[in-house]
Amino acid sequence: MSGGLFISFEGGEGVGKSTQVRRLAARLQAAGREVVTTREPGGSPGAEAIRNLVLNGSADRWSPVTETLLMYASRRDHIERTLRPALERGAVVLCDRYADSTRAYQGAAGGADPELIQALETFILEDVRPARTLIFDLDPELGLARALGRPDAEARFESKGLDFHRRLRAGFLAIARDEPERCRIVDASGDPDAVEARVLEALQDLPGFGVAAG
Ligand code: TYD
């Protein structure tokens with residue numbers, strides 16, 4: 001992807017990713033970069049419509065395999081309409097969740113076959129893959145308490161119980177272990193300023209990012 005830079009933000013519930021996406025976007029914009037902030041599931045009109053289907057309703061409304069297919073339908077639309085054009089223009093793209101969420105939520109925690117997910121990555125993502133993925137890590141008991149305190153109707157995954165969220169955390173940590181070049185684990189405990197400092201540190205080696213900490 002010529003010119004652009006793709007950074008994804010990942011982790012369990014209530015880890016504070018969205019706050020950090022906003023802070024980093026403001027910092028990069030102040031430094032004169034074109035920044036596109038987006039999220040999954042969603043980030044394009046079609047993908048947002050699928051988001052409504054997949055995030056609302058009872059915890060068992062969809063099976064993990066069906067969820068995987070819905071996430072990938074929404075992801076493909078997001079790639080075609082939002083991500084690829086932004087990266088081709090040379091923008092910095094900050095995406096709140098991406099393909100690792102499917103590996104962790106539907107795969108590691110939900111039990112969907114990793115081979116199915118791998119095949120979808122190959123055929124659907126193509127070369128639209130993050131240069132850096134920040135994996136926000138927090139004790140799931142703390143994260144769930146934070147997430148359930150939010151006035152937020154989209155609670156299918158938050159309602160899945162602590163065991164699910166423990167498998168989820170292990171899933172994300174395994175991704176970071178398997179792909180150390182791409183991934184950095186960010187300790188999500190403490191106040192937003194402390195977490196922001198860790199985010200900047202985790203991006204220092206990216207092209208043009210020495211300035212972000214300035
Ligand atoms: P959201 O309200 O954006 O939660 P958060 O603030 O935690 O990011 O809802 C996104 C939910 O969708 C979240 O519970 C994780 C889930 N999800 C998956 O299960 N698989 C996926 O591939 C993606 C992108 C998200």
# chains A, B, ... in the order shown; residues from 1 in each chain; ligands from 1
call {"tool": "residues_around", "arguments": {"residues": "Ala202 (chain A)", "least_positions_apart": "5", "cutoff": "10 Å", "atoms": "only C-alpha atoms", "output": "list in words"}}
result
Arg132, Thr133, Leu134, Cys183, Arg184, Ile185, Val186, Glu196, Ala197 and Phe209 of chain A
call {"tool": "residues_around", "arguments": {"residues": "region 135-141 of chain A", "least_positions_apart": "2", "cutoff": "8 Å", "atoms": "only C-alpha atoms", "output": "PyMOL selection string"}}
result
chain A and resi 9-13+15-17+133+143-145+162+165-166+169+172-173+176+183-189
call {"tool": "write_last_selection", "arguments": {"atoms": "C-alpha atoms", "output": "PDB file, in the first residue's frame"}}
result
ATOM      1  CA  PHE A   9      -5.875  -0.998  17.998  1.00  0.00           C
ATOM      2  CA  GLU A  10      -6.926  -4.264  19.607  1.00  0.00           C
ATOM      3  CA  GLY A  11      -7.817  -5.751  22.977  1.00  0.00           C
ATOM      4  CA  GLY A  12     -10.694  -6.925  25.147  1.00  0.00           C
ATOM      5  CA  GLU A  13     -13.641  -4.943  26.490  1.00  0.00           C
ATOM      6  CA  VAL A  15      -9.362  -1.397  27.685  1.00  0.00           C
ATOM      7  CA  GLY A  16      -9.586   2.261  26.581  1.00  0.00           C
ATOM      8  CA  LYS A  17      -8.626   1.840  22.905  1.00  0.00           C
ATOM      9  CA  THR A 133      -1.000  -3.488  15.898  1.00  0.00           C
ATOM     10  CA  GLY A 143     -12.095  -4.202  31.669  1.00  0.00           C
ATOM     11  CA  LEU A 144     -15.596  -5.658  31.970  1.00  0.00           C
ATOM     12  CA  ALA A 145     -16.362  -3.438  34.956  1.00  0.00           C
ATOM     13  CA  LEU A 162     -15.634 -14.020  32.505  1.00  0.00           C
ATOM     14  CA  HIS A 165     -13.036 -12.880  28.376  1.00  0.00           C
ATOM     15  CA  ARG A 166     -10.120 -14.822  29.875  1.00  0.00           C
ATOM     16  CA  ARG A 169      -7.117 -12.095  26.607  1.00  0.00           C
ATOM     17  CA  PHE A 172      -4.706 -11.586  21.986  1.00  0.00           C
ATOM     18  CA  LEU A 173      -1.492 -12.290  23.904  1.00  0.00           C
ATOM     19  CA  ALA A 176       1.356 -10.696  19.984  1.00  0.00           C
ATOM     20  CA  CYS A 183       2.386  -6.335  17.365  1.00  0.00           C
ATOM     21  CA  ARG A 184       3.157  -4.490  20.597  1.00  0.00           C
ATOM     22  CA  ILE A 185       1.423  -5.182  23.891  1.00  0.00           C
ATOM     23  CA  VAL A 186       0.352  -1.974  25.627  1.00  0.00           C
ATOM     24  CA  ASP A 187      -0.329  -2.162  29.369  1.00  0.00           C
ATOM     25  CA  ALA A 188      -3.812  -0.584  29.551  1.00  0.00           C
ATOM     26  CA  SER A 189      -3.849  -0.089  33.318  1.00  0.00           C
TER      27      SER A 189
END
call {"tool": "residues_around", "arguments": {"residues": "region 29-41 of chain A", "least_positions_apart": "5", "cutoff": "7 Å", "atoms": "only C-alpha atoms", "output": "number ranges by chain"}}
result
A: 47-48, 51, 71, 74-75, 91-98
call {"tool": "write_last_selection", "arguments": {"atoms": "C-alpha atoms", "output": "compact mmCIF listing (two decimals), in the first residue's frame"}}
result
# COMPACT_ATOMS: atom_id res chain seq x y z
CA ALA A 47 -20.26 -2.28 7.28
CA GLU A 48 -22.15 -0.17 9.84
CA ARG A 51 -22.50 -3.95 12.75
CA MET A 71 -17.36 -9.74 10.49
CA SER A 74 -18.35 -6.05 6.99
CA ARG A 75 -14.54 -5.98 6.84
CA ALA A 91 -3.20 8.77 4.96
CA VAL A 92 -2.40 7.40 8.40
CA VAL A 93 -5.27 5.06 9.22
CA LEU A 94 -6.08 4.38 12.88
CA CYS A 95 -8.53 1.50 13.13
CA ASP A 96 -10.32 0.59 16.36
CA ARG A 97 -10.28 -3.23 15.99
CA TYR A 98 -9.45 -5.24 12.84
call {"tool": "select_by_dssp", "arguments": {"residues": "region 17-149 of chain A", "states": "alpha helix (DSSP H)", "output": "number ranges by chain"}}
result
A: 17-30, 45-55, 64-78, 84-89, 99-101, 114-120, 140-148
call {"tool": "select_by_dssp", "arguments": {"residues": "region 41-125 of chain A", "states": "strand (DSSP E)", "output": "number ranges by chain"}}
result
A: 92-96
call {"tool": "write_last_selection", "arguments": {"atoms": "C-alpha atoms", "output": "PDB file, in the first residue's frame"}}
result
ATOM      1  CA  VAL A  92      -2.397   7.400   8.396  1.00  0.00           C
ATOM      2  CA  VAL A  93      -5.275   5.055   9.218  1.00  0.00           C
ATOM      3  CA  LEU A  94      -6.081   4.377  12.880  1.00  0.00           C
ATOM      4  CA  CYS A  95      -8.531   1.502  13.133  1.00  0.00           C
ATOM      5  CA  ASP A  96     -10.321   0.591  16.361  1.00  0.00           C
TER       6      ASP A  96
END
call {"tool": "residues_around", "arguments": {"residues": "His78 (chain A)", "least_positions_apart": "3", "cutoff": "6 Å", "atoms": "only C-alpha atoms", "output": "list in words"}}
result
Gly43, Ser44, Arg75, Arg81 and Thr82 of chain A
call {"tool": "atom_distance", "arguments": {"atom1": "atom 10 (C, counted along the ligand's line) of ligand 1", "atom2": "CA of Gln204 (chain A)"}}
result
27.4 Å
call {"tool": "residues_around", "arguments": {"residues": "Glu158 (chain A)", "least_positions_apart": "2", "cutoff": "9 Å", "atoms": "only C-alpha atoms", "output": "ChimeraX atom specification"}}
result
/A:13,59,144,147-148,154-156,160-161,165
call {"tool": "closest_residue", "arguments": {"among": "A:Gly4, A:Pro151, A:Gly90, A:Gly46", "to": "ligand 1", "atoms": "only C-alpha atoms and all ligand atoms"}}
result
A:Pro151
call {"tool": "closest_residue", "arguments": {"among": "A:Phe157, A:Phe164, A:Phe123, A:Trp62", "to": "ligand 1", "atoms": "only C-alpha atoms and all ligand atoms"}}
result
A:Phe157
call {"tool": "atom_distance", "arguments": {"atom1": "atom 15 (C, counted along the ligand's line) of ligand 1", "atom2": "CA of Asn52 (chain A)"}}
result
12.5 Å
call {"tool": "closest_residue", "arguments": {"among": "A:Gly3, A:Gly110, A:Gly149, A:Gly14", "to": "Thr66 (chain A)", "atoms": "only C-alpha atoms"}}
result
A:Gly110
call {"tool": "closest_residue", "arguments": {"among": "A:Ala73, A:Leu28, A:Leu5, A:Leu200", "to": "ligand 1", "atoms": "only C-alpha atoms and all ligand atoms"}}
result
A:Ala73
call {"tool": "closest_residue", "arguments": {"among": "A:Val195, A:Ala174, A:Ala99, A:Leu142", "to": "ligand 1", "atoms": "only C-alpha atoms and all ligand atoms"}}
result
A:Ala99
call {"tool": "closest_residue", "arguments": {"among": "A:Thr122, A:Ser159, A:Gln106, A:Ser8", "to": "ligand 1", "atoms": "only C-alpha atoms and all ligand atoms"}}
result
A:Gln106
